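Data block for run-v1.cif (mmCIF, C-alpha atoms):
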```cif
data_structure
#
loop_
_atom_site.label_atom_id
_atom_site.label_comp_id
_atom_site.auth_asym_id
_atom_site.auth_seq_id
_atom_site.Cartn_x
_atom_site.Cartn_y
_atom_site.Cartn_z
CA MET A 23 -49.06 162.73 299.14
CA SER A 24 -51.56 160.54 301.05
CA SER A 25 -50.60 158.47 304.05
CA GLN A 26 -50.73 155.44 301.74
CA HIS A 27 -48.32 156.59 299.03
CA ASP A 28 -45.29 158.88 299.14
CA HIS A 29 -43.27 160.32 296.28
CA TYR A 30 -39.72 159.07 295.88
CA LEU A 31 -39.48 161.54 292.98
CA ALA A 32 -40.94 164.89 293.98
CA ARG A 33 -44.11 166.05 292.24
CA MET A 34 -42.48 169.37 291.43
CA HIS A 35 -39.64 167.45 289.73
CA LEU A 36 -42.01 165.34 287.66
CA ALA A 37 -43.97 168.46 286.70
CA GLY A 38 -41.00 169.50 284.57
CA PHE A 39 -41.78 166.55 282.28
CA SER A 40 -45.53 167.19 282.15
CA PHE A 41 -47.33 168.48 279.07
CA ASP A 42 -49.93 170.39 281.09
CA GLY A 43 -48.54 170.57 284.64
CA LYS A 44 -50.78 167.71 285.75
CA ARG A 45 -50.09 164.75 283.49
CA LEU A 46 -47.13 163.10 281.78
CA TRP A 47 -46.24 159.94 279.89
CA GLN A 48 -44.83 156.92 281.70
CA LEU A 49 -43.05 153.96 280.15
CA ASP A 50 -43.05 150.75 282.19
CA ARG A 51 -39.86 148.88 281.33
CA ARG A 52 -41.17 145.60 282.73
CA ASN A 53 -43.69 145.17 279.93
CA ASN A 54 -42.70 148.04 277.58
CA THR A 55 -46.09 149.74 277.88
CA LEU A 56 -46.85 153.46 277.68
CA HIS A 57 -49.49 155.18 279.78
CA GLU A 58 -50.57 158.74 280.45
CA VAL A 59 -50.53 159.22 284.22
CA GLY A 60 -51.12 162.02 286.69
CA VAL A 61 -48.10 163.73 288.22
CA ARG A 62 -49.55 163.06 291.67
CA ASP A 63 -49.68 159.31 290.94
CA ALA A 64 -46.24 158.92 289.33
CA GLY A 65 -42.98 158.18 291.14
CA VAL A 66 -44.63 156.89 294.31
CA LYS A 67 -44.16 154.03 296.72
CA ARG A 68 -46.67 152.81 299.28
CA ARG A 69 -45.89 154.15 302.75
CA LEU A 70 -42.30 155.00 301.86
CA ASN A 71 -42.01 157.67 304.55
CA THR A 72 -44.22 156.01 307.14
CA VAL A 73 -42.25 154.74 310.11
CA LYS A 74 -43.61 152.66 312.96
CA ARG A 75 -42.20 153.42 316.40
CA ASN A 76 -43.33 151.09 319.17
CA GLY A 77 -46.29 150.12 317.01
CA VAL A 78 -47.39 153.72 316.42
CA VAL A 79 -47.49 155.16 312.89
CA ASP A 80 -45.13 158.13 312.59
CA ARG A 81 -45.36 160.50 309.59
CA SER A 82 -42.77 162.98 310.85
CA LEU A 83 -40.28 161.79 308.20
CA GLU A 84 -42.59 162.92 305.39
CA ARG A 85 -43.01 166.32 307.04
CA TYR A 86 -39.25 166.57 307.57
CA ILE A 87 -38.52 165.90 303.89
CA ALA A 88 -41.07 168.49 302.79
CA ALA A 89 -39.84 171.13 305.22
CA VAL A 90 -36.08 170.84 304.75
CA ASN A 91 -35.91 169.67 301.14
CA GLU A 92 -38.82 169.91 298.74
CA SER A 93 -40.33 173.23 299.87
CA PRO A 94 -37.06 175.21 299.69
CA ALA A 95 -35.94 173.47 296.49
CA GLY A 96 -39.16 173.98 294.51
CA PRO A 97 -38.65 177.66 293.59
CA LEU A 98 -34.95 177.06 292.91
CA VAL A 99 -35.59 174.13 290.53
CA ALA A 100 -38.23 176.22 288.75
CA LYS A 101 -35.67 179.03 288.30
CA LEU A 102 -32.97 176.66 287.04
CA ARG A 103 -35.30 175.26 284.39
CA LYS A 104 -35.18 178.69 282.75
CA ALA A 105 -31.52 179.46 283.44
CA PRO A 106 -29.30 180.19 280.42
CA ALA A 107 -26.74 177.55 279.50
CA GLY A 108 -23.53 177.75 281.46
CA PRO A 109 -22.21 177.75 285.04
CA ILE A 110 -24.93 178.68 287.52
CA ASP A 111 -24.27 181.57 289.90
CA LEU A 112 -25.86 180.49 293.19
CA THR A 113 -25.75 182.00 296.66
CA SER A 114 -24.31 179.90 299.46
CA ASP A 115 -27.82 179.07 300.70
CA GLU A 116 -28.97 178.14 297.20
CA ARG A 117 -25.96 175.86 296.71
CA GLY A 118 -26.82 174.08 299.95
CA THR A 119 -30.49 173.76 299.01
CA MET A 120 -29.64 172.39 295.56
CA ALA A 121 -27.11 169.94 296.97
CA GLU A 122 -29.60 168.66 299.56
CA TYR A 123 -32.27 168.23 296.91
CA VAL A 124 -30.04 166.32 294.48
CA ALA A 125 -28.58 164.16 297.27
CA LEU A 126 -32.00 163.21 298.61
CA THR A 127 -33.43 162.61 295.13
CA TYR A 128 -30.51 160.23 294.57
CA ALA A 129 -31.04 158.49 297.93
CA ARG A 130 -34.82 158.15 297.47
CA SER A 131 -34.54 156.44 294.09
CA PRO A 132 -35.59 152.80 293.66
CA ALA A 133 -32.05 151.90 292.55
CA TRP A 134 -30.47 153.28 295.73
CA ARG A 135 -33.21 151.88 297.98
CA GLY A 136 -32.60 148.49 296.39
CA GLN A 137 -29.18 148.51 298.03
CA THR A 138 -30.68 148.97 301.52
CA PRO A 139 -30.08 145.33 302.59
CA GLN A 140 -26.35 145.65 301.89
CA ARG A 141 -26.16 148.95 303.76
CA THR A 142 -28.16 147.49 306.64
CA ASN A 143 -25.74 144.58 306.88
CA ALA A 144 -22.80 146.99 306.88
CA ALA A 145 -24.46 149.04 309.63
CA ILE A 146 -25.06 145.91 311.73
CA ALA A 147 -21.41 144.90 311.33
CA ALA A 148 -20.35 148.40 312.44
CA MET A 149 -22.66 148.17 315.46
CA ALA A 150 -21.11 144.83 316.40
CA ARG A 151 -17.67 146.44 316.47
CA ARG A 152 -19.01 149.32 318.54
CA TYR A 153 -20.53 147.03 321.16
CA GLU A 154 -17.24 145.25 321.71
CA ASP A 155 -16.15 148.01 324.09
CA PRO A 156 -17.84 147.60 327.53
CA ALA A 157 -16.82 151.06 328.74
CA ASP A 158 -18.18 152.77 325.63
CA PHE A 159 -21.51 150.96 325.95
CA ALA A 160 -21.76 151.93 329.62
CA ARG A 161 -21.23 155.56 328.63
CA GLN A 162 -23.98 155.30 326.00
CA VAL A 163 -26.40 153.93 328.57
CA ALA A 164 -25.54 156.64 331.06
CA SER A 165 -25.79 159.46 328.49
CA ALA A 166 -29.24 158.18 327.50
CA GLY A 167 -30.36 158.58 331.12
CA ILE A 168 -31.06 154.86 331.55
CA ARG A 169 -30.66 153.66 335.12
CA MET A 170 -29.13 150.16 335.21
CA ASP A 171 -26.63 148.51 337.51
CA ALA A 172 -23.28 147.40 336.11
CA LEU A 173 -24.30 143.73 335.76
CA ALA A 174 -27.48 144.58 333.84
CA VAL A 175 -25.52 146.91 331.55
CA GLU A 176 -22.99 144.19 330.73
CA VAL A 177 -25.66 141.52 330.18
CA THR A 178 -27.49 143.86 327.79
CA ARG A 179 -24.27 144.67 325.93
CA LEU A 180 -23.43 140.99 325.45
CA ARG A 181 -26.96 140.20 324.26
CA TYR A 182 -26.77 142.99 321.70
CA LEU A 183 -23.25 141.99 320.64
CA VAL A 184 -24.23 138.36 320.03
CA ALA A 185 -27.22 139.41 317.91
CA PHE A 186 -25.23 141.91 315.87
CA ARG A 187 -22.51 139.35 315.21
CA ARG A 188 -25.19 137.02 313.85
CA GLY A 189 -26.27 139.78 311.48
CA GLU A 190 -29.50 140.34 313.41
CA ILE A 191 -31.12 143.35 315.05
CA PRO A 192 -31.46 142.58 318.77
CA ALA A 193 -34.93 142.07 320.20
CA GLY A 194 -36.18 145.29 321.74
CA LEU A 195 -34.31 147.51 319.28
CA GLU A 196 -36.11 149.21 316.40
CA ILE A 197 -33.68 150.18 313.63
CA ASP A 198 -35.28 151.48 310.44
CA PRO A 199 -32.53 152.22 307.88
CA TRP A 200 -34.71 154.53 305.79
CA PRO A 201 -34.82 157.54 308.18
CA ILE A 202 -31.06 157.14 308.64
CA THR A 203 -30.59 157.17 304.85
CA VAL A 204 -32.68 160.34 304.51
CA LYS A 205 -30.82 162.17 307.25
CA THR A 206 -27.44 161.09 305.83
CA ALA A 207 -28.42 162.29 302.34
CA ILE A 208 -29.45 165.73 303.58
CA GLU A 209 -26.70 166.26 306.12
CA GLY A 210 -23.91 163.90 305.04
CA ARG A 211 -20.79 163.93 302.90
CA GLY A 212 -22.61 163.58 299.57
CA ARG A 213 -24.46 166.84 300.20
CA ASP A 214 -21.21 168.63 301.09
CA VAL A 215 -19.43 167.30 297.99
CA LEU A 216 -22.28 168.38 295.72
CA ALA A 217 -22.34 171.85 297.29
CA SER A 218 -18.65 172.26 296.49
CA MET A 219 -19.05 171.31 292.81
CA THR A 220 -19.67 173.70 289.95
CA THR A 221 -23.15 173.21 288.51
CA PHE A 222 -23.99 173.95 284.88
CA ALA A 223 -27.42 174.46 283.39
CA ILE A 224 -27.85 172.81 279.98
CA ARG A 225 -30.77 173.85 277.78
CA ARG A 226 -32.47 171.83 275.05
CA GLU A 227 -34.43 173.61 272.31
CA ARG A 228 -34.62 170.70 269.87
CA GLU A 229 -34.72 166.91 269.81
CA PRO A 230 -33.66 164.90 271.61
CA PHE A 231 -35.59 166.37 274.52
CA MET A 232 -34.95 164.94 277.95
CA VAL A 233 -36.62 162.00 279.66
CA CYS A 234 -36.45 161.24 283.39
CA GLY A 235 -35.99 157.80 284.90
CA ASP A 236 -37.33 156.76 288.29
CA SER A 237 -33.70 157.06 289.43
CA ALA A 238 -33.42 160.66 288.29
CA VAL A 239 -29.91 161.56 289.43
CA LEU A 240 -27.27 160.02 287.17
CA LEU A 241 -23.62 159.43 288.01
CA MET A 242 -21.51 159.18 284.88
CA LYS A 243 -18.39 160.14 283.05
CA ASP A 244 -18.53 161.94 279.73
CA GLY A 245 -17.86 158.72 277.85
CA ALA A 246 -19.54 156.08 280.01
CA TYR A 247 -22.43 155.58 282.40
CA PHE A 248 -22.59 152.85 285.00
CA GLY A 249 -25.06 151.15 287.28
CA HIS A 250 -26.60 153.37 289.93
CA GLY A 251 -24.20 153.85 292.84
CA GLN A 252 -21.14 152.35 291.13
CA LEU A 253 -19.41 155.70 290.86
CA GLY A 254 -18.72 157.75 293.94
CA VAL A 255 -20.01 161.31 294.08
CA GLY A 256 -16.95 163.49 293.78
CA GLY A 257 -14.77 160.85 292.15
CA PRO A 258 -12.32 161.84 289.40
CA ASP A 259 -14.16 163.19 286.32
CA VAL A 260 -17.55 162.06 287.67
CA ARG A 261 -20.49 164.15 286.50
CA VAL A 262 -23.68 164.29 288.55
CA VAL A 263 -26.33 164.78 285.88
CA THR A 264 -29.92 165.61 286.84
CA PRO A 265 -32.62 166.07 284.18
CA ILE A 266 -35.03 168.66 285.64
CA SER A 267 -37.38 169.17 282.68
CA SER A 268 -37.88 168.15 279.08
CA GLU A 269 -35.75 171.14 278.08
CA ALA A 270 -33.12 171.27 280.81
CA PHE A 271 -30.68 169.23 282.85
CA LEU A 272 -27.95 170.05 285.36
CA VAL A 273 -24.35 168.87 285.33
CA SER A 274 -22.45 169.12 288.62
CA THR A 275 -18.73 168.42 288.59
CA PHE A 276 -15.28 169.58 289.65
CA VAL A 277 -13.97 171.62 286.74
CA GLY A 278 -10.37 172.03 287.87
CA GLY A 279 -8.22 173.18 284.96
CA ALA A 280 -10.64 171.92 282.32
CA ASP A 281 -11.60 174.01 279.30
CA VAL A 282 -15.08 175.10 280.42
CA ALA A 283 -16.13 176.31 276.97
CA GLN A 284 -15.20 172.95 275.45
CA LEU A 285 -17.06 171.03 278.17
CA LEU A 286 -20.13 173.20 277.76
CA ALA A 287 -20.17 172.70 274.00
CA HIS A 288 -19.96 168.94 274.54
CA TRP A 289 -22.78 168.89 277.08
CA GLN A 290 -24.99 171.01 274.79
CA SER A 291 -24.56 168.62 271.88
CA ASP A 292 -27.35 166.37 270.63
CA ASP A 293 -25.10 163.36 271.14
CA PHE A 294 -24.68 164.12 274.84
CA ALA A 295 -28.43 164.66 275.32
CA ALA A 296 -29.06 161.25 273.76
CA PHE A 297 -26.33 159.81 275.97
CA VAL A 298 -28.03 161.21 279.10
CA ASN A 299 -31.36 159.75 277.98
CA ARG A 300 -29.75 156.33 277.53
CA ALA A 301 -28.30 156.65 281.03
CA SER A 302 -31.78 157.49 282.37
CA PHE A 303 -33.03 154.20 280.91
CA GLU A 304 -30.00 152.31 282.20
CA HIS A 305 -30.42 153.63 285.75
CA ALA A 306 -34.20 153.24 285.85
CA ILE A 307 -35.48 150.26 287.79
CA ARG A 308 -38.93 150.32 286.22
CA PHE A 309 -40.35 153.68 285.05
CA VAL A 310 -39.19 156.41 282.68
CA PHE A 311 -41.17 159.65 282.29
CA ALA A 312 -41.47 162.24 279.52
CA ARG A 313 -43.66 165.04 278.23
CA GLU A 314 -44.58 163.14 275.06
CA SER A 315 -44.99 159.45 274.34
CA ALA A 316 -42.90 159.82 271.16
CA GLN A 317 -39.93 161.03 273.23
CA LEU A 318 -40.05 157.83 275.28
CA GLU A 319 -40.39 155.67 272.18
CA ARG A 320 -37.37 157.28 270.53
CA ALA A 321 -35.24 157.20 273.68
CA SER A 322 -36.18 153.58 274.36
CA ALA A 323 -35.31 152.52 270.83
CA ASP A 324 -31.99 154.40 271.00
CA HIS A 325 -31.15 152.73 274.33
CA ALA A 326 -31.98 149.27 272.94
CA ALA A 327 -29.96 149.82 269.77
CA ASN A 328 -26.98 151.08 271.77
CA ARG A 329 -27.09 147.98 273.98
CA LEU A 330 -27.15 145.68 270.97
CA ALA A 331 -24.19 147.50 269.46
CA SER A 332 -22.07 147.33 272.60
#
```

I need this file expressed as structure tokens, please.
Amino acid sequence: MSSQHDHYLARMHLAGFSFDGKRLWQLDRRNNTLHEVGVRDAGVKRRLNTVKRNGVVDRSLERYIAAVNESPAGPLVAKLRKAPAGPIDLTSDERGTMAEYVALTYARSPAWRGQTPQRTNAAIAAMARRYEDPADFARQVASAGIRMDALAVEVTRLRYLVAFRRGEIPAGLEIDPWPITVKTAIEGRGRDVLASMTTFAIRREREPFMVCGDSAVLLMKDGAYFGHGQLGVGGPDVRVVTPISSEAFLVSTFVGGADVAQLLAHWQSDDFAAFVNRASFEHAIRFVFARESAQLERASADHAANRLAS
């Protein structure tokens, strides 16, 4: 993507919902309008992966995401779109790649990014607790190779501590939560939990075909979906559902002693496909994408009718 706009939903992901590999249909939930848009122009946010360090524009985050996530995941996602229905047999490296991709797609979504202020406040509170220990702060300064006498170290610690306790980022510190979020998604607990789950490929050869919301990774249970982030990855009976094309979606879960054949039959049903599409609308902050405009119209009407009935 250009230096002005970055994809929060990878182009290769959106291409699975394109009718010609270049274009797809987009429904804007704010005004209920449908438009045909280019894959390169969908699922983007202005300067999402641009970070300023000491006033200098830094694009290394965009290159990092491409190198460790999107480039390795592209061929794997393409293969999974054609995989037969059932548990997917992946190598250890492929499991890691898939888990990183799903975790970062989840973290990059508008719904998850909308919770950044709360996470920033939690991080500031954690920093305040950390700076309460003078000895620990002195060790941090020394390990960073900063030469300061003991008085200057303590004055700096107290200045930082006062600011953090006020819920502020101290002057002189640059803390951008977005790079931290990206690194946590790729290397953190969510990635490890996803890698340990069993992932199923589910194929669709008839209506309803799949749509994809701007928050593409869905956390749900078989009988209920919730707001984005309200269910923990790896929680009891939680399914991580990821539509990857109009004809395919993935279900990652802990199977345990469940009847796999019964689960698979349920996930292959038309009712479950419609359920996933309703969840895509429910999780979406603004945009929902599909190969055909009629698919969006039907899924939108189904979502609205289900809300009225509940």

Counting all atoms listed in the file, the residue of A:Pro132, A:Pro265, A:Gly245, A:Gly38 that sits nearest Phe309 of chain A:
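Comparing A:Pro132, A:Pro265, A:Gly245, A:Gly38 against Phe309 of chain A, the winner is A:Pro132.
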
Which residues are close to Phe222 of chain A, i.e. within 10 Å by only C-alpha atoms, leaving aside same-chain residues fewer than 6 positions away? Reply as a ChimeraX atom specification.
/A:102,105-111,263,271-275,286,289

Mind listing as a PyMOL selection string all residues within 12 Å of (-43.6, 151.9, 286.3), counting all atoms listed in the file?
chain A and resi 47-59+63-67+132+235-237+306-311

What is the distance, in Å and to one decimal place, between atom CA of Tyr128 of chain A and atom CA of Arg152 of chain A?
28.7 Å

Nearest residue to Trp134 of chain A from the set A:Arg181, A:Arg213, A:His305, A:Arg68 (distances using all atoms listed in the file):
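Nearest to Trp134 of chain A: A:His305.
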
Could you name the residues that touch Arg228 of chain A at 12 Å or less, counting all atoms listed in the file, but leaving out those on the same chain fewer than 2 positions away, as a PyMOL selection string?
chain A and resi 225-226+230-232+268-270+290-292+295-296+317

Expected file contents, prior selection, C-alpha atoms, as a CSV table (one decimal), in the frame of the given file:
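Output contents, as saved in result-v1.csv:
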```
chain,number,residue,atom,x,y,z
A,225,ARG,CA,-30.8,173.8,277.8
A,226,ARG,CA,-32.5,171.8,275.0
A,230,PRO,CA,-33.7,164.9,271.6
A,231,PHE,CA,-35.6,166.4,274.5
A,232,MET,CA,-35.0,164.9,278.0
A,268,SER,CA,-37.9,168.2,279.1
A,269,GLU,CA,-35.8,171.1,278.1
A,270,ALA,CA,-33.1,171.3,280.8
A,290,GLN,CA,-25.0,171.0,274.8
A,291,SER,CA,-24.6,168.6,271.9
A,292,ASP,CA,-27.4,166.4,270.6
A,295,ALA,CA,-28.4,164.7,275.3
A,296,ALA,CA,-29.1,161.2,273.8
A,317,GLN,CA,-39.9,161.0,273.2
```

Selection result of the PyMOL selection byres ((chain A and resi 34) around 12) on this file, as a PyMOL selection string
chain A and resi 29-33+35-40+43-45+61-62+64-65+88+91-100+103+123+127+266-267

For the PyMOL selection byres ((chain A and resi 328) around 12), applied here, can you spell out every residue it catches as JSON, numbers by chain?
{"A": [296, 297, 299, 300, 301, 303, 304, 321, 322, 323, 324, 325, 326, 327, 329, 330, 331, 332]}

Pick out the closest residue to Lys104 of chain A from this set: A:Glu314, A:Phe186, A:Ala223, A:Gly278. Count all atoms listed in the file.
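Of all the options, A:Ala223 lies closest to Lys104 of chain A.
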
I want to know what sits within 9 Å of Glu154 of chain A, based on all atoms listed in the file, with residues of the same chain fewer than 4 positions away left out; could you give that as a ChimeraX atom specification?
/A:149-150,158-159,179-180,183

Nearest to Ser131 of chain A by atom-to-atom distance, counting only C-alpha atoms, from A:Leu240, A:Ala193, A:Ile146, A:Ala157:
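For Ser131 of chain A, the nearest of the candidates is A:Leu240.
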
Using all atoms listed in the file, which residue out of A:Asp28, A:Asp293, A:Ala217, A:Pro156 lies closest to Arg85 of chain A?
A:Asp28

What is the distance, in Å and to one decimal place, between atom CA of Ala287 of chain A and atom CA of Val215 of chain A?
24.6 Å

Which is closer to Ser302 of chain A than all the others in A:Leu285, A:Ile87, A:Ala133, A:Leu112, using only C-alpha atoms?
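Ranking A:Leu285, A:Ile87, A:Ala133, A:Leu112 by distance to Ser302 of chain A, first place goes to A:Ala133.
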
Could you write out as a PyMOL selection string the residues that the PyMOL selection byres ((chain A and resi 121) around 9) matches in the shown file?
chain A and resi 116-120+122-126+208+212-218

Mind giving me the straight-line distance from atom CA of Lys243 of chain A to atom CA of Val262 of chain A in Å, one decimal?
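Atom-to-atom, atom CA of Lys243 of chain A and atom CA of Val262 of chain A are spaced 8.7 Å apart.
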